[in-house]
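Text of the file coords-v3.pdb, holding PDB, C-alpha atoms:
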ATOM      1  CA  MET A   1      -2.045  -1.815  -6.324
ATOM      2  CA  LYS A   2      -2.381   1.727  -7.567
ATOM      3  CA  THR A   3      -3.571   2.792 -10.998
ATOM      4  CA  LYS A   4      -5.062   5.801 -12.748
ATOM      5  CA  VAL A   5      -8.461   5.826 -14.409
ATOM      6  CA  ARG A   6     -10.164   8.384 -16.587
ATOM      7  CA  VAL A   7     -13.688   9.669 -16.041
ATOM      8  CA  GLY A   8     -15.701   8.909 -19.174
ATOM      9  CA  LYS A   9     -19.031   9.945 -20.621
ATOM     10  CA  LYS A  10     -21.810  10.304 -18.076
ATOM     11  CA  LEU A  11     -19.095  10.364 -15.347
ATOM     12  CA  THR A  12     -18.396   6.637 -15.656
ATOM     13  CA  ILE A  13     -15.236   5.080 -14.251
ATOM     14  CA  ARG A  14     -14.013   1.779 -15.707
ATOM     15  CA  ILE A  15     -12.425  -0.676 -13.287
ATOM     16  CA  PRO A  16      -9.172  -1.951 -14.821
ATOM     17  CA  LYS A  17      -9.134  -5.686 -15.574
ATOM     18  CA  ALA A  18      -6.171  -6.347 -13.246
ATOM     19  CA  VAL A  19      -8.001  -4.710 -10.333
ATOM     20  CA  ALA A  20     -11.244  -6.577 -11.061
ATOM     21  CA  GLU A  21      -9.364  -9.877 -11.231
ATOM     22  CA  GLU A  22      -7.450  -9.213  -8.009
ATOM     23  CA  LEU A  23     -10.683  -8.416  -6.161
ATOM     24  CA  ASN A  24     -12.743 -11.051  -7.993
ATOM     25  CA  ILE A  25     -15.214  -8.429  -9.243
ATOM     26  CA  LYS A  26     -17.491  -9.772 -11.954
ATOM     27  CA  ASP A  27     -20.051  -8.319 -14.347
ATOM     28  CA  GLY A  28     -23.283  -7.655 -12.444
ATOM     29  CA  ASP A  29     -21.681  -7.428  -8.988
ATOM     30  CA  VAL A  30     -23.073  -4.698  -6.748
ATOM     31  CA  LEU A  31     -20.488  -2.349  -5.240
ATOM     32  CA  SER A  32     -20.931   0.375  -2.640
ATOM     33  CA  LEU A  33     -19.479   3.794  -3.335
ATOM     34  CA  ARG A  34     -18.953   6.422  -0.663
ATOM     35  CA  VAL A  35     -16.921   9.561  -0.173
ATOM     36  CA  LYS A  36     -14.666   9.983   2.848
ATOM     37  CA  ASP A  37     -11.985  12.600   3.436
ATOM     38  CA  ASN A  38     -12.215  13.790  -0.175
ATOM     39  CA  LYS A  39     -11.642  10.231  -1.475
ATOM     40  CA  ILE A  40     -13.909   7.856  -3.359
ATOM     41  CA  ILE A  41     -14.141   4.467  -1.645
ATOM     42  CA  LEU A  42     -15.536   1.589  -3.666
ATOM     43  CA  GLU A  43     -16.289  -1.619  -1.761
ATOM     44  CA  GLN A  44     -17.709  -4.976  -2.663
ATOM     45  CA  ASP A  45     -21.240  -5.255  -1.355
ATOM     46  CA  ASN A  46     -21.727  -8.920  -0.604
ATOM     47  CA  ALA A  47     -23.296 -10.834   2.236
ATOM     48  CA  ILE A  48     -20.044 -12.169   3.646
ATOM     49  CA  LEU A  49     -18.391  -8.754   3.869
ATOM     50  CA  LEU A  50     -21.601  -7.248   5.205
ATOM     51  CA  SER A  51     -21.840  -9.870   7.929
ATOM     52  CA  LEU A  52     -18.203  -9.380   8.923
ATOM     53  CA  LYS A  53     -17.855  -5.600   8.641
ATOM     54  CA  GLY A  54     -21.396  -4.253   8.496
ATOM     55  CA  LYS A  55     -23.289  -2.514  11.246
ATOM     56  CA  LYS A  56     -25.011  -4.974  13.532
ATOM     57  CA  PHE A  57     -28.706  -4.158  13.850
ATOM     58  CA  ALA A  58     -30.359  -7.256  15.304
ATOM     59  CA  LYS A  59     -29.715  -9.723  18.087
ATOM     60  CA  ILE A  60     -30.624 -13.381  18.062
ATOM     61  CA  SER A  61     -29.775 -16.068  20.558
ATOM     62  CA  LEU A  62     -28.213 -19.410  19.733
ATOM     63  CA  ASP A  63     -31.438 -21.107  20.840
ATOM     64  CA  GLU A  64     -33.432 -19.022  18.353
ATOM     65  CA  ILE A  65     -31.021 -19.977  15.571
ATOM     66  CA  TRP A  66     -31.406 -23.675  16.405
ATOM     67  CA  LYS A  67     -35.212 -23.363  16.464
ATOM     68  CA  ILE A  68     -35.357 -21.577  13.101
ATOM     69  CA  SER A  69     -32.877 -24.050  11.590
ATOM     70  CA  GLU A  70     -34.943 -27.029  12.732
ATOM     71  CA  GLU A  71     -38.171 -25.456  11.412
ATOM     72  CA  GLU A  72     -36.606 -24.818   8.001
ATOM     73  CA  GLN A  73     -35.168 -28.327   7.835
ATOM     74  CA  ASN A  74     -38.569 -29.800   8.707
ATOM     75  CA  LYS A  75     -40.225 -27.741   5.959
ATOM     76  CA  TYR A  76     -37.647 -29.038   3.471
ATOM     77  CA  GLU A  77     -37.957 -32.667   4.607
ATOM     78  CA  ASN A  78     -41.769 -32.561   4.567
ATOM     79  CA  SER A  79     -41.931 -31.060   1.081
ATOM     80  CA  ASN A  80     -40.197 -34.078  -0.484
TER      81      ASN A  80
END

Please re-express this file's structure in structure tokens.
Amino acid sequence: MKTKVRVGKKLTIRIPKAVAEELNIKDGDVLSLRVKDNKIILEQDNAILLSLKGKKFAKISLDEIWKISEEEQNKYENSN
């Protein structure tokens, strides 16, 4: 989809309704804006996209995940 937008007061850019609906962008969503090759790139900034496409900065083993999961489940079970 390609569309034109106008820059408004205070340099605001309104996302057209059709684009927001296609990308499931809702009021209050946080988006990331960057400039690359003289273009503005606006991306959804959510945990799923970050986990799939974001820079990996930590390593954790499967055993550590199991241990943390069990600890959290025990906390939940013991609080009830």

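With distances restricted to only C-alpha atoms, A:Met1 is the closest residue to Ala18 (chain A) from A:Met1, A:Ser61, A:Lys55, A:Leu31.
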
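Each of A:Gln73, A:Gln44, A:Asn78, A:Ser51 was compared to Ala20 (chain A) using all atoms listed in the file, and A:Gln44 turns out to be the nearest.
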
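Put simply, CA of Asp27 (chain A) is 23.4 Å away from CA of Leu52 (chain A).
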
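Taking CA of Glu22 (chain A) and CA of Val35 (chain A) as the two end points, the separation is 22.4 Å.
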
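Atom to atom, CA of Thr12 (chain A) and CA of Ile25 (chain A) stand 16.7 Å apart.
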
Using the block above, I'd like region 2-20 of chain A written out, keeping N, CA and C atoms and formatting it as an mmCIF file, in the first residue's frame.
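Result written to part25.cif:
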data_model
loop_
_atom_site.group_PDB
_atom_site.id
_atom_site.type_symbol
_atom_site.label_atom_id
_atom_site.label_comp_id
_atom_site.auth_asym_id
_atom_site.auth_seq_id
_atom_site.Cartn_x
_atom_site.Cartn_y
_atom_site.Cartn_z
ATOM 1 N N LYS A 2 0.534 2.188 -0.806
ATOM 2 C CA LYS A 2 1.273 3.442 -0.856
ATOM 3 C C LYS A 2 0.274 4.582 -0.776
ATOM 4 N N THR A 3 0.590 5.577 0.030
ATOM 5 C CA THR A 3 -0.290 6.729 0.181
ATOM 6 C C THR A 3 0.544 7.957 0.500
ATOM 7 N N LYS A 4 -0.038 9.116 0.306
ATOM 8 C CA LYS A 4 0.642 10.370 0.637
ATOM 9 C C LYS A 4 0.045 10.930 1.913
ATOM 10 N N VAL A 5 0.906 11.539 2.715
ATOM 11 C CA VAL A 5 0.460 12.214 3.935
ATOM 12 C C VAL A 5 1.059 13.613 3.953
ATOM 13 N N ARG A 6 0.400 14.480 4.674
ATOM 14 C CA ARG A 6 0.872 15.860 4.791
ATOM 15 C C ARG A 6 1.451 16.077 6.177
ATOM 16 N N VAL A 7 2.523 16.833 6.254
ATOM 17 C CA VAL A 7 3.118 17.182 7.542
ATOM 18 C C VAL A 7 2.309 18.333 8.123
ATOM 19 N N GLY A 8 1.805 18.139 9.342
ATOM 20 C CA GLY A 8 0.949 19.135 9.976
ATOM 21 C C GLY A 8 1.707 20.007 10.958
ATOM 22 N N LYS A 9 0.923 20.681 11.800
ATOM 23 C CA LYS A 9 1.504 21.551 12.824
ATOM 24 C C LYS A 9 2.425 20.743 13.723
ATOM 25 N N LYS A 10 3.459 21.355 14.167
ATOM 26 C CA LYS A 10 4.465 20.728 15.034
ATOM 27 C C LYS A 10 5.062 19.485 14.380
ATOM 28 N N LEU A 11 5.102 19.462 13.034
ATOM 29 C CA LEU A 11 5.703 18.387 12.240
ATOM 30 C C LEU A 11 5.036 17.031 12.452
ATOM 31 N N THR A 12 3.758 17.016 12.774
ATOM 32 C CA THR A 12 3.053 15.757 12.971
ATOM 33 C C THR A 12 2.670 15.118 11.641
ATOM 34 N N ILE A 13 2.645 13.796 11.637
ATOM 35 C CA ILE A 13 2.211 13.030 10.473
ATOM 36 C C ILE A 13 1.097 12.103 10.951
ATOM 37 N N ARG A 14 -0.056 12.181 10.304
ATOM 38 C CA ARG A 14 -1.203 11.351 10.671
ATOM 39 C C ARG A 14 -1.156 10.061 9.862
ATOM 40 N N ILE A 15 -1.311 8.942 10.549
ATOM 41 C CA ILE A 15 -1.338 7.645 9.862
ATOM 42 C C ILE A 15 -2.756 7.447 9.327
ATOM 43 N N PRO A 16 -2.894 7.245 8.020
ATOM 44 C CA PRO A 16 -4.232 7.041 7.451
ATOM 45 C C PRO A 16 -4.919 5.813 8.065
ATOM 46 N N LYS A 17 -6.236 5.891 8.205
ATOM 47 C CA LYS A 17 -7.016 4.840 8.839
ATOM 48 C C LYS A 17 -6.791 3.488 8.167
ATOM 49 N N ALA A 18 -6.760 3.461 6.838
ATOM 50 C CA ALA A 18 -6.579 2.191 6.114
ATOM 51 C C ALA A 18 -5.236 1.549 6.455
ATOM 52 N N VAL A 19 -4.206 2.363 6.596
ATOM 53 C CA VAL A 19 -2.878 1.841 6.946
ATOM 54 C C VAL A 19 -2.886 1.321 8.379
ATOM 55 N N ALA A 20 -3.468 2.086 9.293
ATOM 56 C CA ALA A 20 -3.533 1.674 10.698
ATOM 57 C C ALA A 20 -4.306 0.363 10.839
#
